[in-house]
Each structure stands twice: as structure tokens, then as C-alpha cells.
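*Asks:* Structure below; questions to follow.
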Amino acid sequence: MVIFGTLSAVLFDANLIIQIVLLVWLIFGALNKRELKRHGTIMAIGAISNLVTILFIMGPSLIRNLPTLVTPPVTLGVVITVAHAILGLVAITGGLLFSLRFVLQLRAKQPLACGKRWMMRTEITLWLVTLLLGIGFYAFYYLPH
Ligand code: HEM
């Protein structure tokens, strides 16, 4: 069964939808940047949901396809996959670190300033580029061409 009628397994169709929903969720959270408790809660939920999809869907897929990635030829698909994996790793690490700071500061009843504006802008940009590469991955491997 496939949702979009592509070659992709239903799990990867579902993952693509989840990632797009998550980005909309994070943009909604970014718009709430002044309400720090609400902003931090929305972003932490987003980061943890993303971690779950990495651990159960994207990570296992990366490990399964590792032999293709390290064996020539270096196709456009391989470049997209490696860039997606590296930027995605940086993005989720940043998101989880902000979230951890948020939880610790919340519990200690300290001011909820988990990062500066440039850090937040870098984080959301990384997230967006990673998603675009993920969509590129999907198009390269699962859409007929
Ligand atoms: C995935 C994680 C996160 C992303 C993608 C993210 C993204 C953003 C974005 C886009 C802004 C607006 C920046 C601007 O003014 O242009 C912002 C502001 C801000 N966020 Fe986050 N955020 C995340 C997690 C957190 C967490 C957990 C906290 C802790 C409460 C936090 C604290 C702040 C603060 C203090 C600002 C205002 C920064 C300033 O204007 O100096 N963020 N964030």
C-alpha cells in the first residue's frame, strides 16, 4: 500500500508527511518566540518527535543503505543523502540541546533564555535545509524518472 502511489514504502510516505507537519509546527513555535514557555514547549515537542522518527525510521534506513553510500559511483542521490544525514544530525543535536536547557531552566525556575537570536535563526535554517534535502531524497529515489 502506498499513499502517494510512488515506489516508496508506506513508512517513508508517512515519514515525509510527518516531517512536513513538524516544520509547520516549528514555524508556529517560532512565531510564538516572545512567549518563551510556550515557544520552548512547542520546540521541545518538535525536537523529540523528530528524534523518534530518526531512531525508528530514518536511522535504520541509513544503516541499511550504508553499503550503497560508501560504494562508488557517487550519484546525486548519494550526495543528497549524505548532506541530509550530516545537516540533520547537527539540526537535531542543536534542537535537543536547546530543549534540554529549556527543561533544566524550567525546573530550576531560572530565566528561559535557551539561546540567542542568531542561534535560533541558524537552527531553523538548518532544519529547513535538511527538510528540503529530505524531499530531494524522496524525489530522487521514489519518484519515477
Ligand atoms: C528546535 C528547536 C528550536 C528552534 C528551531 C527555534 C527557533 C527559533 C526562532 C526561528 C526564533 C526567532 C528568531 C528571530 O527573532 O528571528 C527563536 C527565538 C527564540 N527562542 Fe527558539 N527555537 C528552538 C528552541 C528553543 C527553546 C527550547 C528555547 C527555550 C525557551 C528557545 C528560546 C528562544 C529565545 C530566548 C528566543 C528569542 C531570541 C532573541 O530574540 O534574542 N528556543 N527561536
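Each chain in the C-alpha cells gets a letter, A, B, ..., in the order shown, and its residues are numbered from 1; ligands are numbered from 1 in order too.
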Could you name the residues that touch range 117-129 of chain A at 6 Å or less, counting only C-alpha atoms, but leaving out those on the same chain fewer than 2 positions away, as a VMD selection string?
*Replies:* chain A and resid 91 131 to 132
*Asks:* Produce as number ranges by chain the set of residues near ligand 1, where near means within 9 Å with only C-alpha atoms and all ligand atoms considered.
*Replies:* A: 23, 26-27, 29-48, 91-92, 94-103, 105-106, 111-127
*Asks:* Take CA of Asp13 in chain A and CA of Phe28 in chain A and report the distance between them in Å, one decimal.
*Replies:*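 Straight-line distance from CA of Asp13 in chain A to CA of Phe28 in chain A works out to 23.0 Å.
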*Asks:* List the neighbours of range 50-67 of chain A out to 8 Å using only C-alpha atoms; skip same-chain residues closer than 3 positions along the sequence, and give me the result as JSON, numbers by chain.
*Replies:* {"A": [11, 12, 15, 19, 22, 46, 47, 70, 71, 92]}
*Asks:* Which residues in chain A does DSSP call helix (DSSP H, G or I)? List them as a ChimeraX atom specification.
*Replies:* /A:10-31,36-64,66-70,76-107,117-142
*Asks:* What does the distance between CA of Leu104 in chain A and CA of Ile20 in chain A come to in Å, to one decimal place?
*Replies:* 28.6 Å
